[in-house]
Amino acid sequence: MNINDSLNDIGRKSLVASNQVKNFTSEEKNNLLTKIAEKINSDKELILNANQKDISIAADSIDKAMLDRLALNSDRVDSIINSINDIVLLEDPINKVINKNERPNGMLVERVSVPLGVIGIIYESRPNVTIDASVLCLKAGNSVILRGGKESYYSNLQLVTSARNALEESNYDKNIIQFIETTDRNAVDYMLSEMSHYIDVIIPRGGKGLVKKVQDKAKIPVIGHLDGICHVYVDEFADKDKAKQVVNNSKLRRTGICGAAETLLVHKDCIESHLPSIINILKSGGCEIRGDEMITKNYPDLIKANEDDWKTEYLDSIISIKIVEDVNDAIKHITKYGSNHTESIITENKENAEIFLNHVGSAIVMHNTSTQFADGGEFGLGAEIGIATGKLHARGPVGLEGLTTYKYKVRGDGQIRP
């Protein structure tokens, strides 16, 4: 069977499976998730062996950071199991009455949450995404088609096999979870452009190159984000110590995640008061600092920033700093150069905080806290399948609710429209 025929077969099976899983009770879904967790635990040795095979193949071709993301050990498999058990505890997002309206003619109009249907996930490196995506989609009443990166092929295949065996042993359709068993890139192209009659939405998880390809080629709605150009604005009314600690954490806690701060905006009155301690703590953490003309005039040892710096997601120990006139000037900069991901204002002035929170158009807007909290688990969603920066459907961390849509249920008693 060629790639196109194989993918069409997967699509057909997913469509059938989605009609089963959408009707599961909360108890059935939770029992299945528990069974998957138990199966992964009993198959731990098989999973670790498969992961070692991936690591031995990839060791000479990928960098240490990616190798670390790829690697599994007993604790990391336990973490996968724990994440499943956490999702079991979450409220079922399906069949919730979002809005109810009884009309003057007696009709009852309800807006009710329902599954999306078939979800396609295209991702890189991290084997844990295989299970996170599978169980989140299942809990939200969807079937899922997974296409992982070639570097984690054997790990993903074993994890999917364990999950599918759990479904089959529970007498449910194992095709609720499917995995594209080829590393041929043509499979991704076909999935994006020719499977819209099977797949309802595509979610990319990976680097900018992958996400851009998905967004450019997909003929299916996409949930995701391209860049994480996140900003922290230190207002003139910021607490000095709070500003120093929040900026440092936003930038350096983990530099390679999408919620890491890339540009620091500083009120002009804070150059001598707040900025010295911020620069010192960033330098002590090994951060390269690039500043605008006013910054480098006051701190001549720093690198001069150029226009491209305001547009760059460094994903590294580098930050650009710009002096602004006030909160509105900060918002203007974010509007021009931001990627609608996450922005934070540090201030003790409630009026300025509200201006920032209300007028910055990003998916996540914060006050007096680190941008590194841009995460579904930290938001109390239990888990996330990614961050979305678009304005349609899901925004910010995409948890269970983001994997649903809604329909209207209208109940009448013979009403006709005049």
# chains A, B, ... in the order shown; residues from 1 in each chain; ligands from 1
$ residues_around --residues "Gly412 in chain A" --least-positions-apart "4" --cutoff "10 Å" --atoms "only C-alpha atoms" --output "list of chain:residue names"
A:Arg103, A:Asn105, A:Gly106, A:Met107, A:Leu108, A:Val109, A:Ile416
$ residues_around --residues "range 304-318 of chain A" --least-positions-apart "2" --cutoff "7 Å" --atoms "only C-alpha atoms" --output "list in words"
Asp227, Gly228, Ile229, Leu252, Thr255, Gly256, Ile257, Glu262, Thr263, Gly286, Cys287, Glu288, Ile289, Arg290, Gly291, Asp292, Glu293, Thr296, Leu302, Ser320 and Tyr337 of chain A
$ residues_around --residues "range 374-378 of chain A" --least-positions-apart "3" --cutoff "8 Å" --atoms "only C-alpha atoms" --output "mmCIF file with C-alpha atoms, in the first residue's frame"
data_model
loop_
_atom_site.group_PDB
_atom_site.id
_atom_site.type_symbol
_atom_site.label_atom_id
_atom_site.label_comp_id
_atom_site.auth_asym_id
_atom_site.auth_seq_id
_atom_site.Cartn_x
_atom_site.Cartn_y
_atom_site.Cartn_z
ATOM 1 C CA GLY A 259 7.203 31.605 27.103
ATOM 2 C CA THR A 342 2.749 36.341 26.297
ATOM 3 C CA ILE A 364 -1.680 35.788 27.542
ATOM 4 C CA THR A 371 6.140 35.000 31.404
ATOM 5 C CA LEU A 381 -5.827 23.262 33.088
ATOM 6 C CA GLY A 382 -4.138 20.021 34.169
ATOM 7 C CA ALA A 383 -2.262 19.649 30.907
ATOM 8 C CA GLU A 384 -1.953 21.350 27.565
ATOM 9 C CA ILE A 387 -0.113 27.314 23.004
ATOM 10 C CA GLY A 396 -3.268 30.582 25.059
ATOM 11 C CA PRO A 397 -2.671 27.149 26.623
ATOM 12 C CA VAL A 398 -4.868 24.628 24.811
ATOM 13 C CA GLY A 399 -6.252 22.182 27.339
#
$ closest_residue --among "A:Lys251, A:Lys96, A:Arg111, A:Lys174" --to "Val16 in chain A" --atoms "only C-alpha atoms"
A:Lys174
$ closest_residue --among "A:His225, A:Lys244, A:Lys407, A:Lys322" --to "Thr389 in chain A" --atoms "only C-alpha atoms"
A:His225
$ select_by_dssp --residues "range 259-346 of chain A" --states "strand (DSSP E)" --output "CSV table (one decimal) with C-alpha atoms, in the first residue's frame"
chain,number,residue,atom,x,y,z
A,261,ALA,CA,11.0,36.7,27.5
A,262,GLU,CA,13.0,38.0,24.5
A,263,THR,CA,12.6,41.8,24.9
A,264,LEU,CA,12.6,43.9,28.0
A,265,LEU,CA,10.9,47.3,27.8
A,266,VAL,CA,11.9,49.8,30.5
A,267,HIS,CA,10.3,53.1,31.4
A,288,GLU,CA,24.0,38.5,26.6
A,289,ILE,CA,22.4,41.9,26.6
A,290,ARG,CA,21.6,44.0,23.6
A,291,GLY,CA,20.4,47.5,24.2
A,303,ILE,CA,25.9,45.3,22.6
A,304,LYS,CA,24.0,47.7,20.5
A,318,ILE,CA,20.1,36.7,24.9
A,319,ILE,CA,17.8,39.6,25.6
A,320,SER,CA,17.2,42.9,23.9
A,321,ILE,CA,16.3,46.0,26.0
A,322,LYS,CA,14.5,49.1,24.8
A,323,ILE,CA,13.7,52.3,26.7
A,324,VAL,CA,10.0,53.5,26.3
A,342,THR,CA,2.7,36.3,26.3
A,343,GLU,CA,3.5,39.8,27.8
A,344,SER,CA,3.9,41.0,31.4
A,345,ILE,CA,3.9,44.4,33.1
A,346,ILE,CA,5.8,44.9,36.3
$ residues_around --residues "Ala243 in chain A" --least-positions-apart "2" --cutoff "8 Å" --atoms "only C-alpha atoms" --output "count of residues only"
12
$ closest_residue --among "A:Glu325, A:Asn51, A:His231, A:Ser277" --to "Asn340 in chain A" --atoms "only C-alpha atoms"
A:His231
$ atom_distance --atom1 "CA of Asp54 in chain A" --atom2 "CA of Asp86 in chain A"
27.8 Å
$ residues_around --residues "Val118 in chain A" --least-positions-apart "5" --cutoff "6 Å" --atoms "only C-alpha atoms" --output "PyMOL selection string"
chain A and resi 142-144+199-200
$ atom_distance --atom1 "CA of Asp75 in chain A" --atom2 "CA of Asn31 in chain A"
23.5 Å
$ select_by_dssp --residues "range 167-370 of chain A" --states "helix (DSSP H, G or I)" --output "number ranges by chain"
A: 167-169, 174-176, 186-194, 208-217, 240-252, 268-270, 275-284, 293-298, 307-311, 327-337, 350-359
$ write_last_selection --atoms "C-alpha atoms" --output "CSV table (one decimal), in the first residue's frame"
chain,number,residue,atom,x,y,z
A,167,LEU,CA,-8.0,0.2,24.1
A,168,GLU,CA,-8.3,-3.2,22.4
A,169,GLU,CA,-8.1,-5.1,25.7
A,174,LYS,CA,-8.0,0.8,19.0
A,175,ASN,CA,-8.1,3.3,16.1
A,176,ILE,CA,-9.2,6.0,18.5
A,186,ASN,CA,5.5,13.3,1.9
A,187,ALA,CA,3.2,11.9,4.5
A,188,VAL,CA,3.0,15.2,6.2
A,189,ASP,CA,2.4,17.1,3.0
A,190,TYR,CA,-0.5,14.7,2.1
A,191,MET,CA,-1.9,14.9,5.6
A,192,LEU,CA,-2.0,18.7,5.5
A,193,SER,CA,-3.3,19.1,2.0
A,194,GLU,CA,-5.5,16.0,1.1
A,208,LYS,CA,9.4,27.4,14.1
A,209,GLY,CA,10.2,25.5,10.8
A,210,LEU,CA,7.7,22.8,11.5
A,211,VAL,CA,4.9,25.2,12.6
A,212,LYS,CA,5.5,27.5,9.6
A,213,LYS,CA,5.3,24.5,7.2
A,214,VAL,CA,2.0,23.4,8.8
A,215,GLN,CA,0.5,26.8,8.6
A,216,ASP,CA,1.6,27.4,5.0
A,217,LYS,CA,0.5,24.1,3.6
A,240,LYS,CA,12.7,47.2,42.2
A,241,ASP,CA,13.3,43.8,43.7
A,242,LYS,CA,10.2,42.4,42.1
A,243,ALA,CA,11.2,43.7,38.7
A,244,LYS,CA,14.7,42.2,39.0
A,245,GLN,CA,13.4,38.8,40.0
A,246,VAL,CA,10.6,38.6,37.5
A,247,VAL,CA,12.7,39.7,34.6
A,248,ASN,CA,15.5,37.2,35.5
A,249,ASN,CA,13.0,34.3,35.8
A,250,SER,CA,11.2,35.3,32.6
A,251,LYS,CA,14.4,35.2,30.6
A,252,LEU,CA,16.7,32.7,32.2
A,268,LYS,CA,12.7,56.0,30.8
A,269,ASP,CA,12.7,57.0,34.5
A,270,CYS,CA,14.0,53.5,35.5
A,275,LEU,CA,18.0,48.9,35.4
A,276,PRO,CA,21.4,48.4,37.1
A,277,SER,CA,20.3,45.5,39.3
A,278,ILE,CA,18.4,43.9,36.4
A,279,ILE,CA,21.4,44.1,34.2
A,280,ASN,CA,23.7,42.7,36.9
A,281,ILE,CA,21.5,39.7,37.6
A,282,LEU,CA,21.1,38.9,33.9
A,283,LYS,CA,24.9,39.2,33.4
A,284,SER,CA,25.5,36.9,36.4
A,293,GLU,CA,20.9,53.7,21.8
A,294,MET,CA,19.9,55.1,25.2
A,295,ILE,CA,20.8,51.9,26.9
A,296,THR,CA,24.2,51.6,25.3
A,297,LYS,CA,24.8,55.3,26.0
A,298,ASN,CA,24.4,54.6,29.7
A,307,GLU,CA,15.9,46.5,14.2
A,308,ASP,CA,16.1,42.7,13.8
A,309,ASP,CA,16.5,42.2,17.6
A,310,TRP,CA,13.0,43.5,18.2
A,311,LYS,CA,11.7,40.8,15.8
A,327,VAL,CA,2.9,52.2,29.3
A,328,ASN,CA,1.3,53.3,26.0
A,329,ASP,CA,4.6,53.4,24.3
A,330,ALA,CA,5.3,49.9,25.6
A,331,ILE,CA,2.0,48.7,24.2
A,332,LYS,CA,2.8,50.3,20.9
A,333,HIS,CA,6.1,48.4,20.7
A,334,ILE,CA,4.5,45.1,21.6
A,335,THR,CA,1.8,45.7,19.0
A,336,LYS,CA,4.4,46.3,16.3
A,337,TYR,CA,6.9,43.6,17.1
A,350,LYS,CA,-3.2,49.5,39.3
A,351,GLU,CA,-4.3,51.9,36.6
A,352,ASN,CA,-1.2,51.2,34.4
A,353,ALA,CA,-1.7,47.5,35.0
A,354,GLU,CA,-5.2,47.6,33.8
A,355,ILE,CA,-4.3,49.7,30.7
A,356,PHE,CA,-1.7,47.1,29.8
A,357,LEU,CA,-4.0,44.1,30.5
A,358,ASN,CA,-6.8,45.6,28.5
A,359,HIS,CA,-5.0,47.0,25.5
$ residues_around --residues "Lys35 in chain A" --least-positions-apart "4" --cutoff "12 Å" --atoms "only C-alpha atoms" --output "NGL selection string"
:A and (28-31 or 39-42 or 81 or 84-85 or 88 or 135 or 162-172)
$ closest_residue --among "A:Asp235, A:Arg254, A:Glu401, A:Ile203" --to "Ala65 in chain A" --atoms "only C-alpha atoms"
A:Arg254
$ closest_residue --among "A:Ala59, A:Ile220, A:Ile385, A:Val112" --to "Val129 in chain A" --atoms "only C-alpha atoms"
A:Ile385
$ residues_around --residues "Ile202 in chain A" --least-positions-apart "6" --cutoff "7 Å" --atoms "only C-alpha atoms" --output "list in words"
Ile119, Gly120, Ile121, Ile220, Pro221, Val222 and Ile223 of chain A
$ closest_residue --among "A:Tyr198, A:Ala133, A:Ala363, A:Leu400" --to "Asp9 in chain A" --atoms "only C-alpha atoms"
A:Tyr198
